[in-house]
$ cat protein.tsv   # TSV, C-alpha atoms
chain	number	residue	atom	x	y	z
A	1	MET	CA	-19.46	34.41	-16.89
A	2	ARG	CA	-17.64	37.72	-16.93
A	3	PRO	CA	-15.07	38.20	-14.12
A	4	LEU	CA	-16.86	41.32	-12.89
A	5	VAL	CA	-20.18	39.47	-12.55
A	6	ARG	CA	-18.42	36.61	-10.81
A	7	LEU	CA	-16.74	38.99	-8.35
A	8	GLY	CA	-20.07	40.69	-7.67
A	9	LEU	CA	-21.79	37.35	-6.97
A	10	PHE	CA	-18.92	36.35	-4.68
A	11	LEU	CA	-19.06	39.60	-2.71
A	12	VAL	CA	-22.85	39.47	-2.29
A	13	SER	CA	-22.92	35.85	-1.14
A	14	THR	CA	-19.94	36.40	1.18
A	15	ALA	CA	-21.63	39.43	2.75
A	16	VAL	CA	-24.84	37.46	3.35
A	17	PHE	CA	-22.92	34.50	4.79
A	18	ALA	CA	-20.79	36.77	7.02
A	19	GLY	CA	-23.91	38.46	8.38
A	20	ILE	CA	-25.58	35.17	9.30
A	21	PHE	CA	-22.33	33.78	10.68
A	22	VAL	CA	-21.65	36.78	12.95
A	23	ALA	CA	-25.27	36.76	14.14
A	24	ALA	CA	-24.91	33.08	15.03
A	25	LEU	CA	-21.66	33.77	16.91
A	26	PHE	CA	-23.51	36.08	19.34
A	27	ASP	CA	-25.76	33.17	20.28
A	28	LEU	CA	-22.83	30.99	21.36
A	29	HIS	CA	-22.21	30.23	25.00
A	30	PRO	CA	-19.09	31.89	26.44
A	31	LEU	CA	-15.83	29.94	26.11
A	32	GLY	CA	-15.66	27.14	28.69
A	33	HIS	CA	-19.39	27.26	29.49
A	34	ALA	CA	-21.36	24.60	27.68
A	35	ASP	CA	-25.09	24.92	27.20
A	36	PRO	CA	-27.02	23.38	30.13
A	37	LEU	CA	-28.24	20.33	28.20
A	38	SER	CA	-24.86	19.06	26.97
A	39	ALA	CA	-23.25	19.98	30.31
A	40	THR	CA	-25.76	17.68	32.01
A	41	TYR	CA	-24.92	14.91	29.57
A	42	GLY	CA	-21.18	15.43	30.13
A	43	ASP	CA	-21.56	15.35	33.91
A	44	LEU	CA	-23.70	12.24	33.65
A	45	VAL	CA	-21.13	10.42	31.50
A	46	ASN	CA	-18.26	11.51	33.74
A	47	SER	CA	-20.05	10.31	36.85
A	48	LEU	CA	-21.01	6.95	35.29
A	49	THR	CA	-17.89	5.64	33.55
A	50	VAL	CA	-15.86	4.73	36.65
A	51	PRO	CA	-18.61	3.17	38.83
A	52	GLU	CA	-20.46	1.49	35.94
A	53	ARG	CA	-17.62	0.39	33.65
A	54	HIS	CA	-14.38	0.90	35.65
A	55	ILE	CA	-13.09	3.03	32.75
A	56	THR	CA	-11.19	6.24	33.59
A	57	ASP	CA	-11.24	7.69	30.04
A	58	ALA	CA	-14.81	8.81	29.47
A	59	VAL	CA	-14.31	9.17	25.70
A	60	THR	CA	-13.37	5.50	25.33
A	61	ALA	CA	-16.31	4.45	27.52
A	62	VAL	CA	-18.71	6.38	25.30
A	63	ASN	CA	-17.14	5.20	22.02
A	64	PHE	CA	-16.78	1.49	22.71
A	65	ASP	CA	-19.51	0.87	25.27
A	66	PHE	CA	-22.34	3.39	25.64
A	67	ARG	CA	-22.53	3.92	21.87
A	68	GLY	CA	-20.47	0.94	20.75
A	69	PHE	CA	-22.87	0.12	17.92
A	70	ASP	CA	-22.29	3.52	16.27
A	71	THR	CA	-18.55	2.99	16.46
A	72	LEU	CA	-19.00	-0.40	14.78
A	73	GLY	CA	-20.69	1.40	11.90
A	74	GLU	CA	-17.90	3.99	11.72
A	75	GLU	CA	-15.32	1.23	11.67
A	76	PHE	CA	-17.00	-0.41	8.72
A	77	ILE	CA	-17.11	2.92	6.88
A	78	MET	CA	-13.33	2.91	7.10
A	79	PHE	CA	-13.17	-0.77	6.17
A	80	ALA	CA	-15.28	-0.14	3.07
A	81	SER	CA	-13.27	2.91	1.96
A	82	VAL	CA	-9.94	1.08	2.27
A	83	LEU	CA	-11.50	-1.80	0.32
A	84	GLY	CA	-12.64	0.66	-2.34
A	85	ALA	CA	-9.18	2.20	-2.68
A	86	ALA	CA	-7.58	-1.25	-2.94
A	87	LEU	CA	-10.13	-2.23	-5.58
A	88	LEU	CA	-9.56	0.94	-7.64
A	89	LEU	CA	-5.77	0.55	-7.51
A	90	ARG	CA	-5.72	-3.18	-8.29
A	91	LYS	CA	-3.48	-4.56	-11.00
A	92	HIS	CA	-5.40	-4.27	-14.23
A	93	ALA	CA	-5.38	-6.93	-16.91
A	94	ASP	CA	-3.42	-4.73	-19.30
A	95	GLU	CA	-0.65	-4.01	-16.80
A	96	SER	CA	2.35	-6.07	-15.85
A	97	ALA	CA	4.18	-5.63	-12.57
A	98	GLY	CA	7.92	-5.49	-12.52
A	99	PRO	CA	10.83	-4.12	-10.57
A	100	PRO	CA	11.03	-0.31	-10.56
A	101	ILE	CA	13.13	0.77	-13.53
A	102	ASP	CA	13.81	4.41	-14.16
A	103	LYS	CA	12.37	5.36	-17.54
A	104	GLN	CA	14.74	8.28	-17.89
A	105	GLN	CA	18.04	6.42	-17.69
A	106	GLY	CA	21.14	8.15	-16.39
A	107	ARG	CA	19.50	11.02	-14.55
A	108	GLN	CA	20.64	12.19	-11.15
A	109	ILE	CA	18.42	10.69	-8.48
A	110	THR	CA	18.27	12.55	-5.19
A	111	LEU	CA	17.99	10.16	-2.28
A	112	ALA	CA	16.62	11.26	1.07
A	113	SER	CA	19.38	12.84	3.15
A	114	ASP	CA	21.28	10.71	5.67
A	115	ALA	CA	19.75	12.70	8.54
A	116	VAL	CA	16.19	11.95	7.37
A	117	ARG	CA	16.93	8.27	6.83
A	118	LEU	CA	18.69	7.83	10.17
A	119	LEU	CA	15.93	9.64	12.04
A	120	SER	CA	13.20	7.54	10.41
A	121	VAL	CA	15.00	4.28	11.23
A	122	ALA	CA	15.50	5.45	14.81
A	123	LEU	CA	11.82	6.36	15.15
A	124	VAL	CA	10.41	3.02	13.96
A	125	SER	CA	10.60	1.14	17.26
A	126	PRO	CA	9.37	4.07	19.41
A	127	ALA	CA	6.40	4.38	17.04
A	128	VAL	CA	5.57	0.67	17.42
A	129	LEU	CA	5.96	0.81	21.21
A	130	PHE	CA	3.92	4.00	21.58
A	131	GLY	CA	1.23	2.61	19.28
A	132	ILE	CA	0.89	-0.56	21.35
A	133	TYR	CA	0.81	1.56	24.52
A	134	VAL	CA	-1.97	3.81	23.19
A	135	VAL	CA	-4.03	0.83	21.94
A	136	THR	CA	-3.79	-1.09	25.22
A	137	HIS	CA	-4.32	1.91	27.52
A	138	GLY	CA	-7.43	3.32	25.82
A	139	GLN	CA	-9.60	2.57	28.84
A	140	VAL	CA	-7.18	4.30	31.26
A	141	THR	CA	-5.81	7.38	29.44
A	142	PRO	CA	-6.73	9.34	26.29
A	143	GLY	CA	-6.25	7.26	23.19
A	144	GLY	CA	-7.50	3.85	22.23
A	145	GLY	CA	-7.81	1.55	19.26
A	146	PHE	CA	-8.17	4.19	16.56
A	147	GLN	CA	-5.42	6.54	17.74
A	148	GLY	CA	-3.03	3.69	18.57
A	149	GLY	CA	-3.78	1.95	15.28
A	150	VAL	CA	-2.90	5.06	13.29
A	151	ILE	CA	0.33	5.49	15.27
A	152	LEU	CA	1.19	1.83	14.59
A	153	ALA	CA	0.53	2.39	10.89
A	154	SER	CA	3.06	5.24	10.85
A	155	ALA	CA	5.88	2.74	11.58
A	156	PRO	CA	5.85	1.16	8.07
A	157	LEU	CA	5.60	4.67	6.68
A	158	LEU	CA	8.82	5.55	8.52
A	159	ILE	CA	10.45	2.43	7.05
A	160	TYR	CA	9.45	3.68	3.60
A	161	VAL	CA	10.77	7.19	4.29
A	162	SER	CA	14.10	5.68	5.34
A	163	GLY	CA	14.38	4.37	1.77
A	164	GLU	CA	13.83	0.70	2.61
A	165	PHE	CA	10.88	-0.15	0.38
A	166	HIS	CA	11.92	-3.78	0.13
A	167	SER	CA	12.16	-4.11	3.92
A	168	LEU	CA	8.69	-2.59	4.10
A	169	ARG	CA	7.31	-5.31	1.84
A	170	ARG	CA	9.05	-7.95	3.97
A	171	VAL	CA	7.87	-6.51	7.32
A	172	ALA	CA	4.33	-5.84	6.12
A	173	PRO	CA	3.45	-8.34	3.36
A	174	ARG	CA	0.09	-7.78	1.74
A	175	TRP	CA	-1.50	-11.00	3.07
A	176	LEU	CA	-0.55	-10.18	6.68
A	177	VAL	CA	-1.92	-6.63	6.46
A	178	GLU	CA	-5.14	-7.82	4.83
A	179	ALA	CA	-5.55	-10.53	7.48
A	180	ALA	CA	-4.98	-8.01	10.32
A	181	GLU	CA	-7.58	-5.65	8.89
A	182	SER	CA	-10.19	-8.36	8.38
A	183	ILE	CA	-9.62	-10.04	11.76
A	184	GLY	CA	-9.83	-6.64	13.45
A	185	ALA	CA	-13.09	-5.73	11.72
A	186	GLY	CA	-14.60	-9.16	12.27
A	187	GLY	CA	-13.40	-9.33	15.87
A	188	TYR	CA	-15.52	-6.32	16.84
A	189	VAL	CA	-18.63	-8.06	15.50
A	190	VAL	CA	-17.69	-11.32	17.27
A	191	ILE	CA	-17.31	-9.48	20.61
A	192	GLY	CA	-20.67	-7.82	20.01
A	193	ALA	CA	-22.27	-11.19	19.24
A	194	ALA	CA	-20.72	-12.67	22.40
A	195	GLY	CA	-22.53	-9.95	24.36
A	196	LEU	CA	-25.72	-10.95	22.55
A	197	LEU	CA	-25.29	-14.56	23.65
A	198	SER	CA	-24.44	-13.76	27.27
A	199	ALA	CA	-27.00	-11.03	27.99
A	200	ASN	CA	-29.36	-10.74	25.03
A	201	ALA	CA	-27.87	-7.35	24.11
A	202	PHE	CA	-25.48	-6.73	21.24
A	203	LEU	CA	-22.11	-5.44	22.56
A	204	HIS	CA	-23.11	-6.08	26.16
A	205	ASN	CA	-20.01	-5.73	28.36
A	206	PHE	CA	-19.71	-9.39	29.40
A	207	LEU	CA	-16.14	-9.61	30.74
A	208	PRO	CA	-15.05	-8.92	34.36
A	209	LEU	CA	-14.55	-5.16	34.75
A	210	GLY	CA	-11.31	-5.23	36.74
A	211	ARG	CA	-9.91	-2.43	38.89
A	212	PRO	CA	-10.35	1.18	37.61
A	213	GLY	CA	-7.04	2.56	36.34
A	214	ASP	CA	-5.67	-0.91	35.64
A	215	VAL	CA	-4.62	-1.93	32.12
A	216	PHE	CA	-6.93	-4.95	32.40
A	217	SER	CA	-10.06	-2.98	33.18
A	218	GLY	CA	-13.21	-2.02	31.33
A	219	GLY	CA	-14.21	-5.60	30.49
A	220	SER	CA	-14.81	-6.17	26.77
A	221	VAL	CA	-13.91	-2.53	26.00
A	222	ALA	CA	-10.22	-3.43	26.33
A	223	LEU	CA	-10.75	-6.28	23.85
A	224	ILE	CA	-12.64	-4.04	21.41
A	225	ASP	CA	-9.76	-1.54	21.63
A	226	LEU	CA	-7.41	-4.31	20.48
A	227	THR	CA	-9.59	-5.30	17.50
A	228	VAL	CA	-10.06	-1.67	16.43
A	229	GLY	CA	-6.30	-1.10	16.73
A	230	LEU	CA	-5.69	-4.10	14.49
A	231	GLU	CA	-8.31	-2.98	11.96
A	232	VAL	CA	-7.10	0.64	11.77
A	233	ALA	CA	-3.41	-0.25	11.61
A	234	GLY	CA	-4.12	-2.89	8.95
A	235	GLY	CA	-6.37	-0.55	6.96
A	236	PHE	CA	-3.90	2.32	6.85
A	237	ILE	CA	-0.91	0.10	6.02
A	238	LEU	CA	-2.95	-1.57	3.25
A	239	LEU	CA	-3.80	1.88	1.87
A	240	LEU	CA	-0.09	2.78	1.95
A	241	LEU	CA	0.86	-0.51	0.26
A	242	VAL	CA	-1.64	-0.29	-2.60
A	243	PHE	CA	-0.61	3.29	-3.33
A	244	LEU	CA	3.10	2.51	-3.16
A	245	GLU	CA	2.71	-0.54	-5.38
A	246	GLU	CA	0.81	1.57	-7.89
A	247	VAL	CA	3.42	4.33	-7.88
A	248	LEU	CA	6.71	2.54	-7.24
A	249	VAL	CA	6.49	-0.92	-8.74
A	250	LEU	CA	6.13	0.06	-12.33
A	251	ARG	CA	3.12	-1.30	-14.06
A	252	ASP	CA	3.32	-0.92	-17.77
A	253	PRO	CA	0.81	-1.78	-20.44
A	254	ILE	CA	1.88	-5.08	-22.02
B	1	MET	CA	-5.04	29.37	28.85
B	2	ILE	CA	-7.51	31.75	27.20
B	3	TRP	CA	-4.61	33.51	25.44
B	4	LEU	CA	-3.20	30.24	24.15
B	5	GLN	CA	-6.65	29.25	22.91
B	6	THR	CA	-7.16	32.61	21.21
B	7	ALA	CA	-3.70	32.40	19.63
B	8	ILE	CA	-4.27	28.90	18.25
B	9	LEU	CA	-7.71	29.87	16.89
B	10	ILE	CA	-6.15	32.78	14.98
B	11	MET	CA	-3.34	30.53	13.73
B	12	VAL	CA	-5.85	27.91	12.54
B	13	ALA	CA	-7.83	30.60	10.70
B	14	LEU	CA	-4.66	31.88	9.00
B	15	GLY	CA	-3.54	28.31	8.28
B	16	GLY	CA	-6.83	27.49	6.57
B	17	LEU	CA	-6.48	30.60	4.47
B	18	ALA	CA	-2.92	29.58	3.55
B	19	VAL	CA	-4.11	26.12	2.41
B	20	VAL	CA	-6.79	27.68	0.20
B	21	LEU	CA	-4.46	30.29	-1.26
B	22	THR	CA	-1.77	27.74	-2.18
B	23	ARG	CA	-2.56	26.89	-5.79
B	24	ASP	CA	0.01	24.18	-6.61
B	25	PRO	CA	-1.25	20.80	-5.28
B	26	LEU	CA	2.29	19.66	-4.46
B	27	HIS	CA	2.91	22.71	-2.25
B	28	GLN	CA	-0.61	22.46	-0.93
B	29	ALA	CA	0.07	18.97	0.45
B	30	VAL	CA	2.92	20.35	2.58
B	31	VAL	CA	0.91	23.38	3.73
B	32	ALA	CA	-2.03	21.10	4.58
B	33	SER	CA	0.35	19.00	6.68
B	34	PHE	CA	1.32	22.04	8.79
B	35	TYR	CA	-2.36	22.94	9.01
B	36	GLY	CA	-3.01	19.42	10.33
B	37	ILE	CA	-0.47	19.94	13.12
B	38	LEU	CA	-2.13	23.28	14.00
B	39	LEU	CA	-5.53	21.58	14.20
B	40	GLY	CA	-4.08	18.87	16.45
B	41	LEU	CA	-2.64	21.54	18.73
B	42	MET	CA	-6.00	23.30	18.79
B	43	PHE	CA	-7.84	20.13	19.85
B	44	PHE	CA	-5.24	19.60	22.57
B	45	LEU	CA	-5.60	23.16	23.89
B	46	PHE	CA	-9.38	22.75	23.99
B	47	GLN	CA	-8.94	19.64	26.14
B	48	ALA	CA	-9.73	16.97	23.56
B	49	PRO	CA	-6.54	14.86	23.65
B	50	ASP	CA	-8.30	11.86	22.09
B	51	VAL	CA	-9.13	13.84	18.97
B	52	ALA	CA	-5.74	15.59	18.97
B	53	LEU	CA	-3.90	12.24	18.85
B	54	SER	CA	-5.74	11.04	15.76
B	55	GLN	CA	-5.69	14.48	14.12
B	56	ILE	CA	-1.90	14.76	14.31
B	57	VAL	CA	-1.30	11.43	12.58
B	58	ILE	CA	-4.17	11.68	10.07
B	59	GLY	CA	-3.96	15.38	9.22
B	60	ALA	CA	-0.22	15.87	9.38
B	61	LEU	CA	0.89	12.51	8.01
B	62	ALA	CA	-1.67	10.30	6.30
B	63	LEU	CA	-3.60	12.93	4.33
B	64	PRO	CA	-0.55	14.73	2.81
B	65	LEU	CA	0.99	11.34	2.01
B	66	MET	CA	-2.15	10.20	0.17
B	67	ILE	CA	-2.18	13.49	-1.77
B	68	LEU	CA	1.52	13.08	-2.68
B	69	LEU	CA	1.02	9.46	-3.79
B	70	ALA	CA	-2.05	10.39	-5.82
B	71	LEU	CA	-0.07	13.19	-7.50
B	72	ALA	CA	2.75	10.76	-8.29
B	73	ARG	CA	0.20	8.38	-9.78
B	74	ILE	CA	-1.31	11.09	-11.98
B	75	ARG	CA	2.12	12.21	-13.16
B	76	ARG	CA	3.04	8.64	-14.12
B	77	LYS	CA	-0.19	8.25	-16.02
B	78	ARG	CA	0.64	11.43	-17.99
B	79	GLU	CA	4.18	10.24	-18.74
B	80	ARG	CA	2.80	6.95	-19.99
B	81	SER	CA	0.26	8.52	-22.33
B	82	VAL	CA	2.92	10.82	-23.84
B	83	PRO	CA	5.38	8.40	-25.53
$ encode --input "protein.tsv" --output "structure tokens"
Amino acid sequence: MRPLVRLGLFLVSTAVFAGIFVAALFDLHPLGHADPLSATYGDLVNSLTVPERHITDAVTAVNFDFRGFDTLGEEFIMFASVLGAALLLRKHADESAGPPIDKQQGRQITLASDAVRLLSVALVSPAVLFGIYVVTHGQVTPGGGFQGGVILASAPLLIYVSGEFHSLRRVAPRWLVEAAESIGAGGYVVIGAAGLLSANAFLHNFLPLGRPGDVFSGGSVALIDLTVGLEVAGGFILLLLVFLEEVLVLRDPI
Amino acid sequence: MIWLQTAILIMVALGGLAVVLTRDPLHQAVVASFYGILLGLMFFLFQAPDVALSQIVIGALALPLMILLALARIRRKRERSVP
């Protein structure tokens, strides 16, 4: 295709798209004013979460209780994609793993600066603490299993950035990370099945609800938060590990 | 508040443009990381702290890291095939 034709096609399609887009913008509700239907839904959810579930964060109540089954599906999407990445980056039969040896001997290797390494080491424990806080307080404040799990997973990443790859493999061995991910994913299903046994409804909230605003509130939602935190943290660390093993630990054709 | 929201919307629009206009994947990973932080800030300013929390870690940290590692993997593959 000649560049001129291509440019012409681009301009025409962009003009058409821009026209439709701008026309659609005029149909939007003004900023801060939702359309009546979703505003009703929002008000309904906000008025129900505290009296019905003793949960002060409406988002968590919706995610892990009112539509907990959808979240289970989303969690297994993530589980499957991490599994796929691990499968694609597995050690192939024609590769042998060994310690990382620089192919280009004698070259100047630039390490991360002292400031970067010191800062990453210093940030590891705050990341772990904050991650645990976000996971366990999902039912009280914004956050929850997914957000906390991702924050937890950034701790091993910080260890790697500080140049301690071998400490990373000691702190987060492959078997432990895989176990955490699987137990987290399976735990969600087990909690759902427990609801099925106690009230004939999958993911029925069967635990005592506690006092609103308390860490131990929300019944089984608090427990689901923990399993999701475990699954997400495990999944992301596993993703990091398989990539790092592929890139850092040299695998050469035999 | 409305000014902050307007400002962040404009910054997100410019950031998206910057990501698209960066042609080198290595540079693009870094630009995408900044774009991830902008998106996180936008979610926060539009009162969605739950989304903002995950966006900051995923968009600013995990995604650029995966791109960088994938690039390193591709480069190694090339070095291996050229003896």
$ closest_atom_pairs --input "protein.tsv" --of "chain A" --to "chain B" --cutoff "8 Å" --atoms "only C-alpha atoms" --output "tab-separated table"
residue	atom	partner	partner_atom	distance
A:Val59	CA	B:Asp50	CA	7.5
A:Pro142	CA	B:Asp50	CA	5.1
A:Gly143	CA	B:Asp50	CA	5.2
A:Phe146	CA	B:Ser54	CA	7.3
A:Gln147	CA	B:Ser54	CA	4.9
A:Val150	CA	B:Val57	CA	6.6
A:Ile151	CA	B:Val57	CA	6.7
A:Ser154	CA	B:Val57	CA	7.8
A:Leu240	CA	B:Met66	CA	7.9
A:Phe243	CA	B:Leu69	CA	6.4
A:Leu244	CA	B:Leu69	CA	7.3
A:Glu246	CA	B:Arg73	CA	7.1
A:Val247	CA	B:Arg73	CA	5.5
$ write_last_selection --input "protein.tsv" --atoms "C-alpha atoms" --output "tab-separated table (two decimals), keeping the file's coordinate frame"
chain	number	residue	atom	x	y	z
A	59	VAL	CA	-14.31	9.17	25.70
A	142	PRO	CA	-6.73	9.34	26.29
A	143	GLY	CA	-6.25	7.26	23.19
A	146	PHE	CA	-8.17	4.19	16.56
A	147	GLN	CA	-5.42	6.54	17.74
A	150	VAL	CA	-2.90	5.06	13.29
A	151	ILE	CA	0.33	5.49	15.27
A	154	SER	CA	3.06	5.24	10.85
A	240	LEU	CA	-0.09	2.78	1.95
A	243	PHE	CA	-0.61	3.29	-3.33
A	244	LEU	CA	3.10	2.51	-3.16
A	246	GLU	CA	0.81	1.57	-7.89
A	247	VAL	CA	3.42	4.33	-7.88
$ axis_aligned_box --input "protein.tsv" --around "region 11-28 of chain B" --padding-each-side "6 Å" --output "JSON"
{"center_x": -2.5, "center_y": 25.8, "center_z": 3.6, "size_x": 22.7, "size_y": 24.2, "size_z": 32.3}
$ residues_around --input "protein.tsv" --residues "Gly36 (chain B)" --least-positions-apart "3" --cutoff "7 Å" --atoms "only C-alpha atoms" --output "list in words"
Ala32, Ser33, Leu39, Gly40, Gln55, Ile56, Gly59 and Ala60 of chain B
$ residues_near_point --input "protein.tsv" --point "(-7.0, -4.9, 7.9)" --cutoff "8 Å" --atoms "only C-alpha atoms" --output "PyMOL selection string"
chain A and resi 79+177-185+230-236+238
$ closest_residue --input "protein.tsv" --among "A:Gly149, A:Gly138, A:Gly229, A:Pro173" --to "Phe216 (chain A)" --atoms "all atoms listed in the file"
A:Gly138
$ atom_distance --input "protein.tsv" --atom1 "CA of Phe21 (chain A)" --atom2 "CA of Ala13 (chain B)"
14.8 Å
$ residues_around --input "protein.tsv" --residues "Ile191 (chain A)" --least-positions-apart "3" --cutoff "12 Å" --atoms "all atoms listed in the file" --output "PyMOL selection string"
chain A and resi 64-65+68-69+72+183-188+194-198+201-207+219-228
$ residues_around --input "protein.tsv" --residues "Val62 (chain A)" --least-positions-apart "6" --cutoff "12 Å" --atoms "only C-alpha atoms" --output "number ranges by chain"
A: 41-42, 44-46, 48-50, 52-53, 55-56, 68-71, 138-139, 144, 218, 221
$ write_last_selection --input "protein.tsv" --atoms "C-alpha atoms" --output "PDB file, in the frame of the given file"
ATOM      1  CA  TYR A  41     -24.920  14.910  29.570  1.00  0.00           C
ATOM      2  CA  GLY A  42     -21.180  15.430  30.130  1.00  0.00           C
ATOM      3  CA  LEU A  44     -23.700  12.240  33.650  1.00  0.00           C
ATOM      4  CA  VAL A  45     -21.130  10.420  31.500  1.00  0.00           C
ATOM      5  CA  ASN A  46     -18.260  11.510  33.740  1.00  0.00           C
ATOM      6  CA  LEU A  48     -21.010   6.950  35.290  1.00  0.00           C
ATOM      7  CA  THR A  49     -17.890   5.640  33.550  1.00  0.00           C
ATOM      8  CA  VAL A  50     -15.860   4.730  36.650  1.00  0.00           C
ATOM      9  CA  GLU A  52     -20.460   1.490  35.940  1.00  0.00           C
ATOM     10  CA  ARG A  53     -17.620   0.390  33.650  1.00  0.00           C
ATOM     11  CA  ILE A  55     -13.090   3.030  32.750  1.00  0.00           C
ATOM     12  CA  THR A  56     -11.190   6.240  33.590  1.00  0.00           C
ATOM     13  CA  GLY A  68     -20.470   0.940  20.750  1.00  0.00           C
ATOM     14  CA  PHE A  69     -22.870   0.120  17.920  1.00  0.00           C
ATOM     15  CA  ASP A  70     -22.290   3.520  16.270  1.00  0.00           C
ATOM     16  CA  THR A  71     -18.550   2.990  16.460  1.00  0.00           C
ATOM     17  CA  GLY A 138      -7.430   3.320  25.820  1.00  0.00           C
ATOM     18  CA  GLN A 139      -9.600   2.570  28.840  1.00  0.00           C
ATOM     19  CA  GLY A 144      -7.500   3.850  22.230  1.00  0.00           C
ATOM     20  CA  GLY A 218     -13.210  -2.020  31.330  1.00  0.00           C
ATOM     21  CA  VAL A 221     -13.910  -2.530  26.000  1.00  0.00           C
TER      22      VAL A 221
END
$ closest_residue --input "protein.tsv" --among "A:Val161, A:Leu31, A:Val5, A:Leu239" --to "Ala112 (chain A)" --atoms "all atoms listed in the file"
A:Val161
$ residues_around --input "protein.tsv" --residues "Ile67 (chain B)" --least-positions-apart "6" --cutoff "9 Å" --atoms "only C-alpha atoms" --output "ChimeraX atom specification"
/B:25-26,29
$ build_atoms --input "protein.tsv" --residues "region 80-95 of chain A" --atoms "N, CA and C atoms" --output "tab-separated table (two decimals), in the frame of the given file"
chain	number	residue	atom	x	y	z
A	80	ALA	N	-14.77	-0.19	4.45
A	80	ALA	CA	-15.28	-0.14	3.07
A	80	ALA	C	-14.45	0.82	2.22
A	81	SER	N	-14.02	1.96	2.80
A	81	SER	CA	-13.27	2.91	1.96
A	81	SER	C	-11.88	2.38	1.62
A	82	VAL	N	-11.24	1.68	2.58
A	82	VAL	CA	-9.94	1.08	2.27
A	82	VAL	C	-10.12	0.02	1.19
A	83	LEU	N	-11.19	-0.77	1.32
A	83	LEU	CA	-11.50	-1.80	0.32
A	83	LEU	C	-11.69	-1.16	-1.05
A	84	GLY	N	-12.41	-0.03	-1.08
A	84	GLY	CA	-12.64	0.66	-2.34
A	84	GLY	C	-11.35	1.14	-2.98
A	85	ALA	N	-10.46	1.71	-2.15
A	85	ALA	CA	-9.18	2.20	-2.68
A	85	ALA	C	-8.36	1.04	-3.23
A	86	ALA	N	-8.34	-0.09	-2.50
A	86	ALA	CA	-7.58	-1.25	-2.94
A	86	ALA	C	-8.14	-1.79	-4.25
A	87	LEU	N	-9.48	-1.72	-4.38
A	87	LEU	CA	-10.13	-2.23	-5.58
A	87	LEU	C	-9.81	-1.33	-6.78
A	88	LEU	N	-9.83	0.00	-6.55
A	88	LEU	CA	-9.56	0.94	-7.64
A	88	LEU	C	-8.11	0.83	-8.12
A	89	LEU	N	-7.19	0.56	-7.16
A	89	LEU	CA	-5.77	0.55	-7.51
A	89	LEU	C	-5.26	-0.86	-7.76
A	90	ARG	N	-6.16	-1.80	-8.05
A	90	ARG	CA	-5.72	-3.18	-8.29
A	90	ARG	C	-4.93	-3.24	-9.60
A	91	LYS	N	-4.24	-4.37	-9.78
A	91	LYS	CA	-3.48	-4.56	-11.00
A	91	LYS	C	-4.45	-4.89	-12.13
A	92	HIS	N	-4.45	-4.06	-13.13
A	92	HIS	CA	-5.40	-4.27	-14.23
A	92	HIS	C	-4.86	-5.32	-15.18
A	93	ALA	N	-5.75	-5.84	-16.01
A	93	ALA	CA	-5.38	-6.93	-16.91
A	93	ALA	C	-4.34	-6.48	-17.93
A	94	ASP	N	-4.35	-5.19	-18.27
A	94	ASP	CA	-3.42	-4.73	-19.30
A	94	ASP	C	-2.13	-4.18	-18.70
A	95	GLU	N	-1.87	-4.50	-17.45
A	95	GLU	CA	-0.65	-4.01	-16.80
A	95	GLU	C	0.19	-5.20	-16.36
